[in-house]
>>> print(open('target-v2.csv').read())   # CSV, C-alpha atoms
chain,number,residue,atom,x,y,z
A,1,MET,CA,0.9,-47.1,-38.2
A,2,SER,CA,-0.8,-43.9,-37.3
A,3,ASN,CA,0.1,-40.4,-38.4
A,4,SER,CA,-1.3,-38.8,-35.3
A,5,ILE,CA,1.0,-36.7,-33.2
A,6,SER,CA,0.9,-37.1,-29.5
A,7,PRO,CA,-0.1,-34.0,-27.6
A,8,ALA,CA,2.8,-31.8,-26.5
A,9,LEU,CA,3.8,-32.1,-22.8
A,10,PRO,CA,3.2,-29.0,-20.7
A,11,GLY,CA,6.3,-26.8,-20.5
A,12,PRO,CA,8.0,-25.9,-17.2
A,13,ARG,CA,6.2,-23.9,-14.6
A,14,TYR,CA,7.8,-21.7,-12.0
A,15,PHE,CA,6.7,-21.5,-8.4
A,16,THR,CA,8.2,-19.4,-5.6
A,17,ARG,CA,7.6,-18.5,-1.9
A,18,GLU,CA,8.7,-15.4,0.0
A,19,GLY,CA,12.4,-15.7,0.8
A,20,GLU,CA,12.9,-18.9,-1.2
A,21,GLY,CA,14.3,-19.8,-4.6
A,22,VAL,CA,12.2,-20.9,-7.5
A,23,GLN,CA,10.9,-24.5,-8.0
A,24,VAL,CA,10.8,-25.4,-11.7
A,25,VAL,CA,8.2,-28.1,-12.3
A,26,TYR,CA,7.9,-30.1,-15.5
A,27,ASN,CA,4.7,-31.9,-16.7
A,28,LEU,CA,2.6,-30.4,-14.0
A,29,LYS,CA,-1.1,-30.9,-14.6
A,30,ASP,CA,-2.5,-29.7,-11.3
A,31,PRO,CA,-0.8,-26.8,-9.5
A,32,SER,CA,-3.1,-27.0,-6.4
A,33,PRO,CA,-0.5,-28.9,-4.2
A,34,TYR,CA,2.0,-26.0,-4.7
A,35,VAL,CA,-0.7,-23.4,-4.0
A,36,GLU,CA,-1.7,-25.2,-0.8
A,37,LEU,CA,1.9,-25.1,0.4
A,38,GLY,CA,2.0,-21.3,-0.2
A,39,TYR,CA,3.8,-21.2,-3.5
A,40,VAL,CA,2.9,-18.6,-6.1
A,41,GLU,CA,3.3,-19.3,-9.8
A,42,VAL,CA,5.5,-16.8,-11.6
A,43,ASP,CA,5.9,-16.2,-15.3
A,44,GLU,CA,9.1,-17.6,-16.8
A,45,ASP,CA,10.0,-14.2,-18.2
A,46,ALA,CA,9.5,-12.5,-14.9
A,47,TYR,CA,11.6,-15.2,-13.2
A,48,ARG,CA,14.5,-14.8,-15.7
A,49,ALA,CA,14.3,-11.0,-15.4
A,50,SER,CA,14.7,-11.3,-11.6
A,51,LEU,CA,18.0,-13.2,-11.9
A,52,PRO,CA,21.2,-11.2,-11.3
A,53,ASP,CA,23.1,-9.9,-14.4
A,54,VAL,CA,26.1,-12.2,-14.8
A,55,THR,CA,27.9,-9.5,-16.8
A,56,VAL,CA,28.1,-7.1,-13.9
A,57,PRO,CA,30.9,-7.8,-11.4
A,58,PRO,CA,30.0,-8.2,-7.8
A,59,ALA,CA,30.3,-5.2,-5.4
A,60,PRO,CA,33.6,-5.2,-3.5
A,61,ALA,CA,33.6,-6.4,0.1
A,62,PRO,CA,33.3,-3.6,2.6
A,63,ASP,CA,36.5,-2.7,4.6
A,64,GLY,CA,36.6,-4.1,8.1
A,65,ASP,CA,37.4,-0.6,9.5
>>> encode(input="target-v2.csv", output="structure tokens")
Amino acid sequence: MSNSISPALPGPRYFTREGEGVQVVYNLKDPSPYVELGYVEVDEDAYRASLPDVTVPPAPAPDGD
């Protein structure tokens, strides 16, 4: 039995396009298909920072007047 440790799998990578949500891709070795489709890779921290704050209540709906 070997004591070698298998290499760690790549972590999730985040891709987005203008006006769309984020695609989270696991075990991606080559991002070129996403780039060819117009996706831009974003940093996980930047993605999480762009999410709405769940502790802030939504704004009230405007009156129909």
>>> closest_residue(input="target-v2.csv", among="A:Pro57, A:Ser32, A:Gly38, A:Tyr47", to="Glu18 in chain A", atoms="all atoms listed in the file")
A:Gly38
>>> closest_residue(input="target-v2.csv", among="A:Pro10, A:Thr55, A:Arg17, A:Pro60", to="Leu37 in chain A", atoms="only C-alpha atoms")
A:Arg17
>>> atom_distance(input="target-v2.csv", atom1="CA of Lys29 in chain A", atom2="CA of Pro52 in chain A")
29.9 Å
>>> residues_around(input="target-v2.csv", residues="Tyr39 in chain A", least_positions_apart="4", cutoff="9 Å", atoms="only C-alpha atoms", output="PyMOL selection string")
chain A and resi 15-18+33-35
>>> axis_aligned_box(input="target-v2.csv", around="range 34-42 of chain A", padding_each_side="3 Å", output="JSON")
{"center_x": 1.9, "center_y": -21.4, "center_z": -5.6, "size_x": 13.2, "size_y": 15.2, "size_z": 18.0}
>>> atom_distance(input="target-v2.csv", atom1="CA of Leu28 in chain A", atom2="CA of Ala49 in chain A")
22.7 Å
>>> atom_distance(input="target-v2.csv", atom1="CA of Glu41 in chain A", atom2="CA of Tyr14 in chain A")
5.6 Å
>>> closest_residue(input="target-v2.csv", among="A:Glu44, A:Glu36, A:Asp30, A:Leu51", to="Arg13 in chain A", atoms="all atoms listed in the file")
A:Glu44
